[in-house]
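Structure first, then comments.
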Amino acid sequence: MAPALFVLSVSSSKQAVAGAASTAAFFLCEGLLGRHFDVVPNGVAEPQPGDLFLFPLASGGPGWWGAHAGVYCGDGEIIHLEGTSGTSPTGIVAKHGKSHLVRTRGPAKVLRMKGGLDAAALQWRIQAAMDMVLEYDAVTCNCIHFALALLGLGQLNGDMMFPALQ
């Protein structure tokens, strides 16, 4: 069952702070992390579809506090959401090769959902996401929100949901 904080609907600054805190708390709270994911020691070398890849942000930060997230699709590809540079709020949903992301973003930590996941639903979500136009927002629709929605652990705001899976 997904925590209520991942259903994102930001309409005030207080909720925006809660959204940002929920994103960070997901990865900082050992109890929640341990409830949904296991760390895969050799995950970069032997990934499975649905594995959550966490890459360090270029800006650094302590530990994995600041992480860029993507989901392994299979066939050596990871899907992720990136913000664009400039003033456009449009995000870019992209698939990149695992080796390219490891080379350009640095070492990855790989997490695998406990109990597995529905591979067909994941593939449907990935296909649907590739056709979406998303507004990237660091608080309400970032790479972590996107990855969790792909894994069925959260939703994106408004029309950015995966409707057939709600």
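We name chains A, B, ... following the order of the structure tokens; residues begin at 1 in each chain, and ligands are numbered from 1 as shown.
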So which bits of region 66-100 of chain A end up strand (DSSP E) when you DSSP the backbone, as a PyMOL selection string? chain A and resi 67-74+77-83+91-97
Prev. selection, C-alpha atoms, output as an mmCIF file, in the first residue's frame:
data_model
loop_
_atom_site.group_PDB
_atom_site.id
_atom_site.type_symbol
_atom_site.label_atom_id
_atom_site.label_comp_id
_atom_site.auth_asym_id
_atom_site.auth_seq_id
_atom_site.Cartn_x
_atom_site.Cartn_y
_atom_site.Cartn_z
ATOM 1 C CA ALA A 67 19.395 11.352 -6.061
ATOM 2 C CA HIS A 68 18.263 11.163 -9.645
ATOM 3 C CA ALA A 69 15.933 8.189 -10.087
ATOM 4 C CA GLY A 70 15.127 5.981 -13.026
ATOM 5 C CA VAL A 71 13.496 2.595 -13.572
ATOM 6 C CA TYR A 72 15.167 -0.250 -15.422
ATOM 7 C CA CYS A 73 13.007 -1.272 -18.413
ATOM 8 C CA GLY A 74 14.977 -4.289 -19.588
ATOM 9 C CA GLU A 77 17.528 0.742 -20.850
ATOM 10 C CA ILE A 78 16.465 2.991 -17.974
ATOM 11 C CA ILE A 79 13.489 5.345 -18.219
ATOM 12 C CA HIS A 80 13.629 8.595 -16.271
ATOM 13 C CA LEU A 81 12.261 12.126 -16.130
ATOM 14 C CA GLU A 82 14.556 15.117 -16.489
ATOM 15 C CA GLY A 83 13.854 18.791 -16.154
ATOM 16 C CA GLY A 91 10.081 17.668 -18.509
ATOM 17 C CA ILE A 92 11.711 15.126 -20.745
ATOM 18 C CA VAL A 93 10.731 11.477 -20.414
ATOM 19 C CA ALA A 94 13.641 9.539 -21.857
ATOM 20 C CA LYS A 95 15.118 6.100 -22.102
ATOM 21 C CA HIS A 96 18.881 5.911 -21.934
ATOM 22 C CA GLY A 97 21.257 3.011 -21.906
#
Quick one: residues within 9 Å of Pro41 (chain A), only C-alpha atoms, excluding same-chain residues fewer than 2 positions away - as a PDB file with all heavy atoms, in the first residue's frame?
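Saved result, part_3.pdb, follows:
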ATOM      1  N   VAL A  39      17.960  -3.360  -1.144  1.00  0.00           N
ATOM      2  CA  VAL A  39      19.133  -2.920  -1.890  1.00  0.00           C
ATOM      3  C   VAL A  39      19.704  -4.154  -2.580  1.00  0.00           C
ATOM      4  O   VAL A  39      19.828  -5.213  -1.979  1.00  0.00           O
ATOM      5  CB  VAL A  39      20.182  -2.280  -0.958  1.00  0.00           C
ATOM      6  CG1 VAL A  39      21.444  -1.941  -1.721  1.00  0.00           C
ATOM      7  CG2 VAL A  39      19.608  -1.041  -0.284  1.00  0.00           C
ATOM      8  N   GLY A  43      23.229  -5.033  -8.365  1.00  0.00           N
ATOM      9  CA  GLY A  43      22.117  -4.642  -9.229  1.00  0.00           C
ATOM     10  C   GLY A  43      22.510  -3.974 -10.519  1.00  0.00           C
ATOM     11  O   GLY A  43      21.837  -4.135 -11.537  1.00  0.00           O
ATOM     12  N   VAL A  44      23.609  -3.212 -10.518  1.00  0.00           N
ATOM     13  CA  VAL A  44      24.018  -2.542 -11.752  1.00  0.00           C
ATOM     14  C   VAL A  44      24.445  -3.583 -12.778  1.00  0.00           C
ATOM     15  O   VAL A  44      24.157  -3.462 -13.962  1.00  0.00           O
ATOM     16  CB  VAL A  44      25.153  -1.521 -11.481  1.00  0.00           C
ATOM     17  CG1 VAL A  44      25.690  -0.952 -12.774  1.00  0.00           C
ATOM     18  CG2 VAL A  44      24.636  -0.392 -10.590  1.00  0.00           C
ATOM     19  N   LYS A 109      22.984   3.241  -7.079  1.00  0.00           N
ATOM     20  CA  LYS A 109      22.480   2.323  -6.064  1.00  0.00           C
ATOM     21  C   LYS A 109      21.221   1.727  -6.685  1.00  0.00           C
ATOM     22  O   LYS A 109      20.412   2.452  -7.265  1.00  0.00           O
ATOM     23  CB  LYS A 109      22.133   3.069  -4.787  1.00  0.00           C
ATOM     24  CG  LYS A 109      21.577   2.166  -3.680  1.00  0.00           C
ATOM     25  CD  LYS A 109      21.192   2.954  -2.450  1.00  0.00           C
ATOM     26  CE  LYS A 109      22.415   3.192  -1.610  1.00  0.00           C
ATOM     27  NZ  LYS A 109      22.069   3.724  -0.264  1.00  0.00           N
ATOM     28  N   VAL A 110      21.058   0.416  -6.574  1.00  0.00           N
ATOM     29  CA  VAL A 110      19.916  -0.249  -7.198  1.00  0.00           C
ATOM     30  C   VAL A 110      19.037  -0.846  -6.108  1.00  0.00           C
ATOM     31  O   VAL A 110      19.515  -1.540  -5.211  1.00  0.00           O
ATOM     32  CB  VAL A 110      20.382  -1.347  -8.182  1.00  0.00           C
ATOM     33  CG1 VAL A 110      19.190  -2.062  -8.803  1.00  0.00           C
ATOM     34  CG2 VAL A 110      21.259  -0.733  -9.264  1.00  0.00           C
ATOM     35  N   LEU A 111      17.744  -0.554  -6.202  1.00  0.00           N
ATOM     36  CA  LEU A 111      16.754  -1.066  -5.256  1.00  0.00           C
ATOM     37  C   LEU A 111      15.745  -1.915  -6.020  1.00  0.00           C
ATOM     38  O   LEU A 111      15.372  -1.588  -7.147  1.00  0.00           O
ATOM     39  CB  LEU A 111      16.021   0.077  -4.570  1.00  0.00           C
ATOM     40  CG  LEU A 111      16.880   1.127  -3.864  1.00  0.00           C
ATOM     41  CD1 LEU A 111      16.004   2.245  -3.322  1.00  0.00           C
ATOM     42  CD2 LEU A 111      17.695   0.501  -2.755  1.00  0.00           C
TER      43      LEU A 111
END
For Gly116 (chain A), find every residue with an atom within 12 Å (counting only C-alpha atoms), except residues of its own chain fewer than 2 positions away, and show them as a list in words.
His36, Phe37, Asp38, Gln48, Pro49, Gly50, Asp51, Leu111, Arg112, Met113, Lys114, Asp118, Ala119, Ala121, Leu122, Leu151 and Gly152 of chain A
Going by DSSP on the backbone, which residues of region 32-158 of chain A come out as alpha helix (DSSP H)? List them as a PyMOL selection string.
chain A and resi 32-36+98-105+119-130+143-150
Please write the residues from the selection above to a file, keeping C-alpha atoms, as a compact mmCIF listing (two decimals), in the first residue's frame.
# COMPACT_ATOMS: atom_id res chain seq x y z
CA LEU A 32 9.68 2.78 4.53
CA LEU A 33 12.64 1.93 2.35
CA GLY A 34 12.89 -1.50 3.95
CA ARG A 35 9.15 -2.07 3.63
CA HIS A 36 9.06 -1.58 -0.14
CA LYS A 98 22.24 1.83 -18.43
CA SER A 99 25.94 2.07 -19.30
CA HIS A 100 25.49 5.66 -20.57
CA LEU A 101 23.76 6.77 -17.35
CA VAL A 102 26.33 5.07 -15.12
CA ARG A 103 29.12 6.70 -17.15
CA THR A 104 27.59 10.20 -17.17
CA ARG A 105 25.87 10.31 -13.77
CA ALA A 119 5.81 -6.94 -15.40
CA ALA A 120 2.94 -6.40 -17.87
CA ALA A 121 1.66 -3.38 -15.90
CA LEU A 122 5.18 -1.96 -15.73
CA GLN A 123 5.61 -2.29 -19.50
CA TRP A 124 2.22 -0.64 -20.05
CA ARG A 125 3.18 2.26 -17.75
CA ILE A 126 6.53 2.66 -19.53
CA GLN A 127 4.84 2.76 -22.94
CA ALA A 128 2.26 5.27 -21.70
CA ALA A 129 4.96 7.43 -20.09
CA MET A 130 6.95 7.65 -23.33
CA CYS A 143 12.25 12.07 -11.26
CA ILE A 144 11.48 10.31 -7.97
CA HIS A 145 7.72 10.89 -8.26
CA PHE A 146 7.90 9.68 -11.86
CA ALA A 147 9.81 6.50 -10.95
CA LEU A 148 7.49 5.68 -8.05
CA ALA A 149 4.43 6.15 -10.29
CA LEU A 150 5.94 3.76 -12.85
CA of Cys141 (chain A) sits from CA of Leu153 (chain A) at a separation of 13.9 Å
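Distance annotation: of A:Gly115, A:Thr90, A:Asn42, A:Pro107, the residue with the minimal separation from Glu135 (chain A) is A:Thr90; atom set is only C-alpha atoms.
The nearest approach to Gly76 (chain A) among the residues A:Leu57, A:Ala45, A:Leu52, A:Leu134, with only C-alpha atoms taken into account, belongs to A:Ala45.
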